[in-house]
Every structure is written in structure tokens, then in C-alpha cells.
Amino acid sequence: MDRTDGFWDIVDQLVKETEIVIDRQKGTSHPRFPDFVYQVDYGYLDGTSSMDQEGIDVWVGSEPDRKVDAMICIVDRLKRDSEIKLLLGCTEEEKKLVLEMCNRTEWMKGILVRR
């Protein structure tokens, strides 16, 4: 048994038991940063919480099964916090797009962690 299996099992259960809310659809702009256009649907798991006291963030790709096979760990110097963002049903191209979006500014950087 891989030592990370338990972690991913809990992530799978959270996603399975929780409503996914997409509040920023692919092709829309960020409300405070109009130059930032979402290349993949972005939202959160309703009824969960993260560092920012909001729901756990999710990027939802075009794969129909919405399997969680990666996440991005973010450090934000402007907000002075860190977060994880789960990737659900993302193709390899969508993972690349999300990672690029999370690293496009000097104050926020992320790394991709694969399952």
C-alpha cells in the first residue's frame, strides 16, 4: 500500500459527498483582475473550508468522470497564505493550463502534485 493512499481516499470521499459549485466558468474573467481569464472551470466544494475560510477550491476539467488525480499547492505572497486546489477530471493539457495560470504572477506560485 502506498503511504499516500489514505490521503487520496479522503479527497475522493470529500468530492463524492460534496456538491461542486462552479462560480467562475471557463472563459470568464476574475472579478478583481479582468486580465485573468479562466481557462478551466473553477469553483469549490460546498460545505468545506480552506485557509481563506471559503470552500476547498477545485478546477474542473472536461473529463466526464471528474476523477481527482492531482492538486496544486499554492503560496500567495500578496494574501500571505497557502492553499490546495484539487484538479477534477482535468486532461494533461488542462493541468498544464491551470499550473500556468497559478504561476503567472510574481506574488503567487504553485506546484502540481500528482496522485
# chains A, B, ... in the order shown; residues from 1 in each chain; ligands from 1
>>> select_by_dssp(residues="region 45-113 of chain A", states="strand (DSSP E)", output="list in words")
Leu45, Ile56, Asp57, Val58, Trp59, Val60, Val68, Asp69, Ala70, Met71, Ile72, Cys73, Ile74, Val75, Asp76, Asp81, Ser82, Glu83, Ile84, Lys85, Leu86, Leu87, Leu88, Met108, Lys109, Gly110, Ile111, Leu112 and Val113 of chain A
>>> write_last_selection(atoms="N, CA and C atoms", output="short mmCIF file (atom, residue, chain, number, x, y, z; two decimals), in the first residue's frame")
data_model
loop_
_atom_site.label_atom_id
_atom_site.label_comp_id
_atom_site.auth_asym_id
_atom_site.auth_seq_id
_atom_site.Cartn_x
_atom_site.Cartn_y
_atom_site.Cartn_z
N LEU A 45 -15.80 23.14 -3.24
CA LEU A 45 -16.64 22.09 -2.68
C LEU A 45 -17.50 22.73 -1.60
N ILE A 56 -13.09 24.41 -0.21
CA ILE A 56 -11.89 23.88 -0.86
C ILE A 56 -12.01 24.13 -2.36
N ASP A 57 -11.00 24.77 -2.93
CA ASP A 57 -11.02 25.15 -4.34
C ASP A 57 -10.83 23.94 -5.24
N VAL A 58 -11.53 23.98 -6.39
CA VAL A 58 -11.41 22.92 -7.39
C VAL A 58 -11.33 23.52 -8.79
N TRP A 59 -10.53 22.90 -9.61
CA TRP A 59 -10.51 23.15 -11.05
C TRP A 59 -11.18 21.94 -11.67
N VAL A 60 -12.21 22.15 -12.48
CA VAL A 60 -12.97 21.05 -13.05
C VAL A 60 -12.76 21.04 -14.56
N VAL A 68 -10.17 12.81 -9.27
CA VAL A 68 -9.14 13.67 -8.71
C VAL A 68 -7.82 12.93 -8.81
N ASP A 69 -6.95 13.39 -9.72
CA ASP A 69 -5.67 12.72 -9.85
C ASP A 69 -4.50 13.67 -9.67
N ALA A 70 -4.81 14.89 -9.23
CA ALA A 70 -3.75 15.86 -8.97
C ALA A 70 -4.31 17.02 -8.14
N MET A 71 -3.40 17.79 -7.59
CA MET A 71 -3.77 19.03 -6.91
C MET A 71 -2.63 20.02 -7.11
N ILE A 72 -2.95 21.26 -6.89
CA ILE A 72 -1.91 22.30 -6.94
C ILE A 72 -1.80 22.91 -5.56
N CYS A 73 -0.58 22.98 -5.07
CA CYS A 73 -0.29 23.65 -3.80
C CYS A 73 0.17 25.07 -4.13
N ILE A 74 -0.51 26.04 -3.54
CA ILE A 74 -0.27 27.45 -3.84
C ILE A 74 0.30 28.17 -2.63
N VAL A 75 1.25 29.05 -2.87
CA VAL A 75 1.71 30.01 -1.87
C VAL A 75 1.50 31.39 -2.48
N ASP A 76 0.77 32.24 -1.74
CA ASP A 76 0.42 33.58 -2.22
C ASP A 76 1.06 34.62 -1.31
N ASP A 81 -0.78 33.61 2.36
CA ASP A 81 -1.36 32.34 2.75
C ASP A 81 -0.95 31.24 1.78
N SER A 82 -1.44 30.06 2.05
CA SER A 82 -1.22 28.92 1.17
C SER A 82 -2.53 28.15 1.09
N GLU A 83 -2.69 27.40 0.01
CA GLU A 83 -3.90 26.62 -0.20
C GLU A 83 -3.60 25.44 -1.09
N ILE A 84 -4.55 24.49 -1.09
CA ILE A 84 -4.52 23.46 -2.11
C ILE A 84 -5.72 23.68 -3.02
N LYS A 85 -5.56 23.28 -4.25
CA LYS A 85 -6.63 23.36 -5.24
C LYS A 85 -6.68 22.01 -5.93
N LEU A 86 -7.82 21.33 -5.78
CA LEU A 86 -7.97 19.99 -6.35
C LEU A 86 -8.28 20.09 -7.84
N LEU A 87 -7.72 19.17 -8.61
CA LEU A 87 -7.99 19.10 -10.05
C LEU A 87 -8.88 17.89 -10.30
N LEU A 88 -10.10 18.15 -10.78
CA LEU A 88 -11.09 17.10 -11.03
C LEU A 88 -11.29 16.95 -12.52
N MET A 108 2.21 34.93 -6.63
CA MET A 108 1.60 33.64 -6.38
C MET A 108 2.31 32.57 -7.20
N LYS A 109 2.65 31.48 -6.53
CA LYS A 109 3.31 30.36 -7.21
C LYS A 109 2.69 29.04 -6.73
N GLY A 110 2.66 28.08 -7.64
CA GLY A 110 2.10 26.79 -7.31
C GLY A 110 2.90 25.65 -7.90
N ILE A 111 2.74 24.49 -7.29
CA ILE A 111 3.34 23.28 -7.81
C ILE A 111 2.25 22.23 -8.00
N LEU A 112 2.40 21.39 -9.01
CA LEU A 112 1.46 20.33 -9.29
C LEU A 112 1.90 19.07 -8.56
N VAL A 113 0.96 18.49 -7.81
CA VAL A 113 1.22 17.23 -7.10
C VAL A 113 0.31 16.18 -7.72
#
>>> closest_residue(among="A:Leu97, A:Trp8, A:Pro64, A:Arg115", to="Tyr38 (chain A)", atoms="only C-alpha atoms")
A:Leu97
>>> atom_distance(atom1="CA of Ser62 (chain A)", atom2="CA of Thr91 (chain A)")
7.0 Å
>>> residues_around(residues="Arg77 (chain A)", least_positions_apart="2", cutoff="6 Å", atoms="only C-alpha atoms", output="list in words")
Lys79, Arg80 and Trp107 of chain A
>>> select_by_dssp(residues="chain A", states="helix (DSSP H, G or I)", output="list in words")
Asp5, Gly6, Phe7, Trp8, Asp9, Ile10, Val11, Asp12, Gln13, Leu14, Val15, Lys16, Glu17, Glu92, Glu93, Glu94, Lys95, Lys96, Leu97, Val98, Leu99, Glu100, Met101 and Cys102 of chain A
